[in-house]
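Student: Mind looking over this structure? Questions follow.
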Amino acid sequence: MYKRLLVTAVAIIATATLPSLPARAADGLHVVSSFSSSNAKLVVADYAVGAEVIGIIGITTPSQTFTYSFVKSDLNTLLGLWEKARHADAQKYIASGSMAETETHALDVLLLAGGPTVRISIADPVDGLGSFDLSRGDYSAFDSALNKAAAAVTN
C-alpha cells in the first residue's frame with residue numbers, strides 16, 4: 001500500500017511548482033511547505049489515500065526528483081536527526097545520521113548533516129543522490145512544516 005502511495009506522490013511532487021496547494025480532498029497530496037534554492041526545491045508534504053496518511057520529504061533538482069516517505073514509527077528518529085542537524089554549529093558539515101525508508105520496498109535513505117546550513121539528502125540506489133541546503137533562516141519554517149506533516153501521519 002505505501003509503495004503505491006509513494007509512487008503516486010512522487011509523480012505529483014515532480015510536477016508541483018507552487019509553494020502550496022489548496023487543501024486536499026479525501027485522497028491526495030497536501031504540500032505543507034516548500035523551500036527553493038537556485039538549483040533545487042525541498043518539499044514537505046503528506047499524502048492520503050482514504051484514512052491512511054504518510055509523510056513525504058521531496059527534493060527536486062533540474063533533472064530528477066527524490067522522495068523519502070515516513071510513517072509514525074519513523075517520527076522519533078526523523079525528528080531527532082533534524083534537531084541534531086539544526087543545532088550543529090560548525091564550519092564543515094557534520095553527519096547527524098541517516099535512516100532508511102520503512103513500510104516500502106524502496107531502498108531510499110534520508111541523510112541529514114549540520115554545519116553552515118542543514119544539508120538534507122535523499123539517496124536512491126538507482127537514481128543517485130539529491131541534496132538541498134536549507135539556510136539557517138528557514139530552520140523555523142522547516143521545523144514547523146515537518147511537525148505539521150508528522151502530525152498528519154496516521155500509520
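Within each chain, counting starts at residue 1; across the C-alpha cells, chains are named A, B, ... in the order shown, with ligands numbered 1 upward in that order.
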Near His87 (chain A), within 9 Å and counting only C-alpha atoms, which residues show up once chain neighbours fewer than 5 positions away are dropped, as an MDAnalysis selection string?

Tutor: chainID A and resid 82 114:115

Student: Write out as an NGL selection string the residues lying within 12 Å of Gly80 (chain A), counting only C-alpha atoms and excluding same-chain residues fewer than 2 positions away.

Tutor: :A and (74-78 or 82-87 or 96-99 or 112 or 143 or 146-147)

Student: Could you write out that same residue set with N, CA and C atoms as an mmCIF file, in the first residue's frame?

Tutor:
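The resulting file, selection-v9.cif, is shown below:
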data_model
loop_
_atom_site.group_PDB
_atom_site.id
_atom_site.type_symbol
_atom_site.label_atom_id
_atom_site.label_comp_id
_atom_site.auth_asym_id
_atom_site.auth_seq_id
_atom_site.Cartn_x
_atom_site.Cartn_y
_atom_site.Cartn_z
ATOM 1 N N ASP A 74 8.625 6.088 12.357
ATOM 2 C CA ASP A 74 9.865 6.767 11.980
ATOM 3 C C ASP A 74 10.035 8.124 12.661
ATOM 4 N N LEU A 75 8.973 8.640 13.254
ATOM 5 C CA LEU A 75 8.967 10.038 13.687
ATOM 6 C C LEU A 75 10.022 10.389 14.725
ATOM 7 N N ASN A 76 10.216 9.564 15.740
ATOM 8 C CA ASN A 76 11.213 9.887 16.763
ATOM 9 C C ASN A 76 12.601 9.995 16.167
ATOM 10 N N THR A 77 12.945 9.070 15.297
ATOM 11 C CA THR A 77 14.261 9.101 14.665
ATOM 12 C C THR A 77 14.390 10.314 13.760
ATOM 13 N N LEU A 78 13.385 10.558 12.924
ATOM 14 C CA LEU A 78 13.421 11.683 11.991
ATOM 15 C C LEU A 78 13.553 13.010 12.729
ATOM 16 N N TRP A 82 16.763 15.696 12.760
ATOM 17 C CA TRP A 82 16.567 17.098 12.423
ATOM 18 C C TRP A 82 17.089 17.999 13.549
ATOM 19 N N GLU A 83 16.741 17.688 14.792
ATOM 20 C CA GLU A 83 17.198 18.507 15.924
ATOM 21 C C GLU A 83 18.721 18.518 16.017
ATOM 22 N N LYS A 84 19.334 17.364 15.834
ATOM 23 C CA LYS A 84 20.793 17.278 15.899
ATOM 24 C C LYS A 84 21.427 18.108 14.784
ATOM 25 N N ALA A 85 20.888 18.016 13.581
ATOM 26 C CA ALA A 85 21.445 18.750 12.435
ATOM 27 C C ALA A 85 21.269 20.256 12.602
ATOM 28 N N ARG A 86 20.101 20.690 13.031
ATOM 29 C CA ARG A 86 19.839 22.132 13.120
ATOM 30 C C ARG A 86 20.653 22.805 14.217
ATOM 31 N N HIS A 87 21.071 22.041 15.214
ATOM 32 C CA HIS A 87 21.849 22.628 16.303
ATOM 33 C C HIS A 87 23.352 22.476 16.123
ATOM 34 N N SER A 96 24.583 14.059 10.945
ATOM 35 C CA SER A 96 23.674 13.867 12.071
ATOM 36 C C SER A 96 23.174 12.443 12.104
ATOM 37 N N GLY A 97 23.145 11.816 10.937
ATOM 38 C CA GLY A 97 22.710 10.436 10.838
ATOM 39 C C GLY A 97 21.885 10.209 9.593
ATOM 40 N N SER A 98 21.410 8.999 9.490
ATOM 41 C CA SER A 98 20.610 8.625 8.332
ATOM 42 C C SER A 98 19.551 7.625 8.766
ATOM 43 N N MET A 99 18.555 7.479 7.901
ATOM 44 C CA MET A 99 17.531 6.475 8.159
ATOM 45 C C MET A 99 16.973 5.988 6.832
ATOM 46 N N LEU A 112 20.959 13.534 6.988
ATOM 47 C CA LEU A 112 20.994 14.920 7.435
ATOM 48 C C LEU A 112 22.368 15.238 7.987
ATOM 49 N N ASP A 143 11.034 23.373 10.511
ATOM 50 C CA ASP A 143 10.640 22.687 11.741
ATOM 51 C C ASP A 143 9.114 22.634 11.850
ATOM 52 N N LEU A 146 7.714 20.246 9.113
ATOM 53 C CA LEU A 146 7.981 18.845 9.441
ATOM 54 C C LEU A 146 7.037 18.370 10.541
ATOM 55 N N ASN A 147 6.817 19.197 11.539
ATOM 56 C CA ASN A 147 5.909 18.820 12.619
ATOM 57 C C ASN A 147 4.460 18.745 12.165
#

Student: Skip Glu52 (chain A) itself and residues of its chain fewer than 4 positions away, then list as JSON, numbers by chain all residues within 7 Å of it, counting only C-alpha atoms.

Tutor: {"A": [48, 154, 155]}

Student: Which neighbours of Ala145 (chain A) fall inside 10 Å, counting only C-alpha atoms, when residues of the same chain fewer than 5 positions from it are skipped, and could you give them as a PyMOL selection string?

Tutor: chain A and resi 31-34+43-45+139-140+150-151

Student: Just to be explicit: take each residue in the selection above, keep C-alpha atoms, and write the result as a compact mmCIF listing (two decimals), in the first residue's frame.

Tutor:
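Dumped everything to again-v5.txt:
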# COMPACT_ATOMS: atom_id res chain seq x y z
CA VAL A 31 2.11 20.26 0.33
CA VAL A 32 2.75 21.63 3.79
CA SER A 33 5.65 23.84 2.73
CA SER A 34 8.35 24.17 0.12
CA VAL A 43 9.05 19.90 -0.30
CA VAL A 44 7.47 18.72 2.95
CA ALA A 45 4.11 17.08 2.38
CA TYR A 139 15.03 26.40 10.07
CA SER A 140 11.95 27.56 11.94
CA ALA A 150 4.27 14.41 11.17
CA ALA A 151 1.01 15.26 12.97

Student: Of the residues A:Ala141, A:Phe66, A:Leu29, A:Ala95, which is the one nearest to Pro125 (chain A), using only C-alpha atoms?

Tutor: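 Counting only C-alpha atoms, the residue closest to Pro125 (chain A) is A:Phe66.
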
Student: Can you list, as a PyMOL selection string, all residues belonging to chain A that DSSP tags as helix (DSSP H, G or I)?

Tutor: chain A and resi 2-15+72-86+136-152

Student: With a distance cut-off of 8 Å and only C-alpha atoms, select the neighbouring residues of Arg136 (chain A), excluding the residue or stretch itself and same-chain residues fewer than 4 positions from it, and output the selection as a VMD selection string.

Tutor: chain A and resid 116 to 118

Student: Keeping only C-alpha atoms, write the selected residues as an mmCIF file, in the first residue's frame.

Tutor:
data_model
loop_
_atom_site.group_PDB
_atom_site.id
_atom_site.type_symbol
_atom_site.label_atom_id
_atom_site.label_comp_id
_atom_site.auth_asym_id
_atom_site.auth_seq_id
_atom_site.Cartn_x
_atom_site.Cartn_y
_atom_site.Cartn_z
ATOM 1 C CA PRO A 116 26.856 26.151 7.676
ATOM 2 C CA THR A 117 23.325 25.034 6.684
ATOM 3 C CA VAL A 118 21.426 21.815 7.189
#

Student: Please determine, counting only C-alpha atoms, which residue among A:Val153, A:Tyr68, A:Phe35, A:Val126 has the shortest atom-to-atom distance to Leu111 (chain A).

Tutor: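 Checking each of A:Val153, A:Tyr68, A:Phe35, A:Val126 against Leu111 (chain A), counting only C-alpha atoms, the winner is A:Tyr68.
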
Student: What is the distance, in Å and to one decimal place, between CA of Val49 (chain A) and CA of Gly28 (chain A)?

Tutor: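 CA of Gly28 (chain A) lies at a distance of 6.5 Å from CA of Val49 (chain A).
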
Student: Using only C-alpha atoms, which residue out of A:Ala149, A:Ile59, A:Val53, A:Val71 lies closest to Ala123 (chain A)?

Tutor: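 Of A:Ala149, A:Ile59, A:Val53, A:Val71, the one nearest Ala123 (chain A), counting only C-alpha atoms, is A:Ile59.
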
Student: Name the residues of chain A that fall into strand (DSSP E or B) according to DSSP on the backbone, using the chain letters and numbers of this document, as an MDAnalysis selection string.

Tutor: chainID A and resid 28:36 41:49 52:60 65:70 94:100 109:114 118:124 128:134

Student: If you keep C-alpha atoms, can you produce a file of those selected residues as a compact mmCIF listing (two decimals), in the first residue's frame?

Tutor:
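Writing done, so here's again_19.txt:
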# COMPACT_ATOMS: atom_id res chain seq x y z
CA GLY A 28 -4.16 13.22 -2.40
CA LEU A 29 -1.06 15.23 -1.78
CA HIS A 30 -1.03 18.13 0.64
CA VAL A 31 2.11 20.26 0.33
CA VAL A 32 2.75 21.63 3.79
CA SER A 33 5.65 23.84 2.73
CA SER A 34 8.35 24.17 0.12
CA PHE A 35 11.76 25.79 0.06
CA SER A 36 13.70 26.85 -3.01
CA LYS A 41 13.47 22.58 -4.29
CA LEU A 42 12.65 20.92 -0.97
CA VAL A 43 9.05 19.90 -0.30
CA VAL A 44 7.47 18.72 2.95
CA ALA A 45 4.11 17.08 2.38
CA ASP A 46 1.70 14.41 3.44
CA TYR A 47 -0.16 12.06 1.17
CA ALA A 48 -3.50 10.44 1.93
CA VAL A 49 -5.43 7.57 0.46
CA GLU A 52 -4.04 6.31 5.58
CA VAL A 53 -1.61 9.22 5.56
CA ILE A 54 2.17 9.09 5.10
CA GLY A 55 4.66 11.94 5.37
CA ILE A 56 6.93 12.85 2.49
CA ILE A 57 10.11 14.84 2.07
CA GLY A 58 10.92 15.54 -1.56
CA ILE A 59 13.90 17.09 -3.30
CA THR A 60 13.55 18.20 -6.89
CA THR A 65 13.02 14.08 -8.12
CA PHE A 66 13.90 12.18 -4.96
CA THR A 67 11.39 11.31 -2.25
CA TYR A 68 11.56 9.87 1.22
CA SER A 69 8.38 8.67 2.91
CA PHE A 70 7.89 8.33 6.65
CA ILE A 94 28.86 17.03 10.50
CA ALA A 95 26.70 14.00 9.80
CA SER A 96 23.67 13.87 12.07
CA GLY A 97 22.71 10.44 10.84
CA SER A 98 20.61 8.63 8.33
CA MET A 99 17.53 6.48 8.16
CA ALA A 100 16.16 4.09 5.57
CA VAL A 109 17.79 6.71 2.61
CA LEU A 110 17.42 10.15 4.20
CA LEU A 111 20.66 11.75 5.36
CA LEU A 112 20.99 14.92 7.44
CA ALA A 113 24.13 16.91 8.19
CA GLY A 114 24.52 20.13 10.12
CA VAL A 118 21.43 21.81 7.19
CA ARG A 119 22.11 19.57 4.23
CA ILE A 120 19.16 17.27 3.59
CA SER A 121 19.92 14.46 1.15
CA ILE A 122 17.95 11.56 -0.23
CA ALA A 123 19.91 8.64 -1.63
CA ASP A 124 18.26 6.30 -4.11
CA GLY A 128 21.67 8.57 -7.09
CA LEU A 129 21.68 11.41 -4.59
CA GLY A 130 19.60 14.57 -4.36
CA SER A 131 20.56 17.25 -1.83
CA PHE A 132 19.18 20.52 -0.57
CA ASP A 133 20.98 23.02 1.67
CA LEU A 134 18.41 24.56 4.00
